[in-house]
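> Here's a structure for you.
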Amino acid sequence: MAQLLTLSRAARLIGTTRGTLQKKIQDGELDSHDGMVSTEALLRAFPGARLEDDAVFERITRIKEEAFGRRVRERMIPDQEILAQRLFEQSRELADVRAHLQRYHSLVVRLQARIQEARARSGDSAASALAELDAWIEGELRGVLADATAPDPLALMDDILRLVSAHVVVHPSRHEFFVEGADTLLEAALRSGLSINYGCSNGNCGLCKARVVSGQVKKVRHHDYVLSEAERLQGHTLMCCHTAVSDLVIEALVATGSGDIPQQQITASVKSVTPLGEDMRLLHLQTPRSNRLRFLAGQGVTLGLAGAGSADMLIASCPCDDRNIQFHVVRESGNALAERVFAGLDAGENITMWGPWGDFVLREESPRSLAFVAGDHGFAPVKSLIEHAMALDHAATLRLYWHAGSPGGHYLANLCRSWADALDNFHYAALTGAKGGAGADASAVVRKLIEDCPVLADFDLYVAGAEDFVAQIREQLAHAGLPPEQIVSVVI
């Protein structure tokens with residue numbers, strides 16, 4: 001029997017994105033029922049799906065682990081107690097199904113007995129009709145018992161996934177995410193790209209309170225914050241200290257714009273400084289465990305270093321890992337902070353962050369595919385956006401066009417190629433400088449974009465680079481027919 005799945009679960013089983021499934025539904029290639037798809041329809045739309053390859057865990061998770069700097073772990077299996085509880089819930093569901101089947105079988109047997117009694121009391125014509133009915137029921141029962149139909153592979157895989165992960169729906173935003181391994185609800189939400197409301201992430205402030213509408217949670221970390229009696233009765237829980245035992249529906253606040261993110265001042269420590277090229281350094285800062293930076297992908301902060309003043313920097317990492325913040329620092333004369341970075345910073349040295357600021361953020365409500373244009377070190381905020389888009393897993397297609405003034409300007413080309421290798425819906429094009437200034441550079445990018453995307457209106461475009469480059473991109477794309485409201489840009 002076909003099983004109905006949410007789009008998130010269906011995408012996870014097949015190893016594709018929600019956006020791809022939504023496009024197939026819009027094109028009439030995949031039937032849906034109230035936002036759900038059946039396993040039969042899914043296998044018809046993706047006949048080449050190879051579940052034995054475990055595409056979800058091996059292909060998608062691998063690139064996310066590498067791209068977002070997630071901690072190295074073995075296969076993400078929940079602890080024994082959580083696993084035992086999930087097994088118990090599935091066993092109870094199976095027992096309920098068996099009990100219902102036994103009752104239905106008993107009902108059919110009693111019906112046959114009543115038919116036999118009615119035949120004995122009826123005339124010839126009625127007895128003949130009852131005999132035919134009895135024979136039909138007997139034949140149907142034999143057919144059911146002899147049915148050798150292979151089990152639905154997607155339904156079986158979904159049962160396995162329910163043991164190792166729990167599906168969470170957030171109201172009122174209708175966002176969805178999965179809780180895997182030993183993750184708390186907050187950690188799982190952040191890794192899925194959700195800008196959930198939180199503060200200390202350590203069980204002290206209570207800002208990550210959520211109300212459990214349905215499902216079961218379990219406390220996995222100590223917390224000092226005390227919920228009121230009214231909050232406990234209403235089903236509130238701290239997302240930073242609880243995990244999901246079963247599939248959940250919760251009520252929680254999700255930031256949808258830069259105005260929803262509070263201003264913060266955090267003192268972080270230098271984790272490392274890594275050369276990315278002669279004039280580029282990767283600055284990796286780490287925040288305290290109890291005071292992490294809350295930001296949206298594409299935003300920036302102001303960095304302050306004793307003896308080197310301050311400088312505005314766009315963040316080059318994903319909010320999925322809110323403790324490890326990365327920046328691409330360009331060698332600039334007159335920038336004392338950048339000069340200190342290139343001169344060498346000691347691990348553990350303190351740097352203060354103020355922010356975040358900026359509106360170069362994803363429009364998560366848009367159903368369109370995404371195209372990104374980076375001019376030189378404009379790749380930093382674009383990288384943050386791309387990793388966030390990957391975590392959200394909504395866009396049917398992601399395209400990156402990185403234009404650099406010299407061949408060595410693509411200082412993280414291997415990372416971009418690894419994205420393209422690991423994700424079927426990601427496409428990467430590296431372009432180098434053209435003689436003629438910003439206008440010629442922009443023209444080269446726009447020509448390639450139009451060549452790859454004949455219907456520009458199907459895309460939202462995010463562009464970051466020097467002021468002239470960004471202005472030329474906006475002007476030329478508007479002339480090519482891309483509505484200006486579908487272009488989001490930032491000048492670096």
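Residues are named by chain letter and number: chains run A, B, ... in the order of the structure tokens, numbers start at 1 in each chain, and ligands are numbered from 1 in the order shown.
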Do a neighbour search on range 347-351 of chain A at 8 Å with only C-alpha atoms, toss out local chain neighbours closer than 4 positions, and write the hits as a ChimeraX atom specification.
/A:267-272,303-306
> Could you pull out the residues in range 163-337 of chain A that DSSP calls strand (DSSP E or B) from the backbone, as a ChimeraX atom specification?
/A:165-171,175-180,196,209-214,217-219,236-238,242-244,248-251,254,264-277,280-286,300-305,309-315,324-330
> Find the residue from A:Asn291, A:Ser369, A:Ser384, A:Asn414 that sits nearest to Phe327 in chain A; use only C-alpha atoms when measuring.
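Among the listed residues, A:Ser384 lies closest to Phe327 in chain A.
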> Please determine, counting only C-alpha atoms, which residue among A:Gln299, A:Ser333, A:Thr432, A:Gln112 has the shortest atom-to-atom distance to Ser489 in chain A.
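Ranking A:Gln299, A:Ser333, A:Thr432, A:Gln112 by distance to Ser489 in chain A, first place goes to A:Gln299.
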> Quick one: distance from CA of Cys320 in chain A to CA of Ile196 in chain A in Å, one decimal?
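Those two atoms sit 10.8 Å apart.
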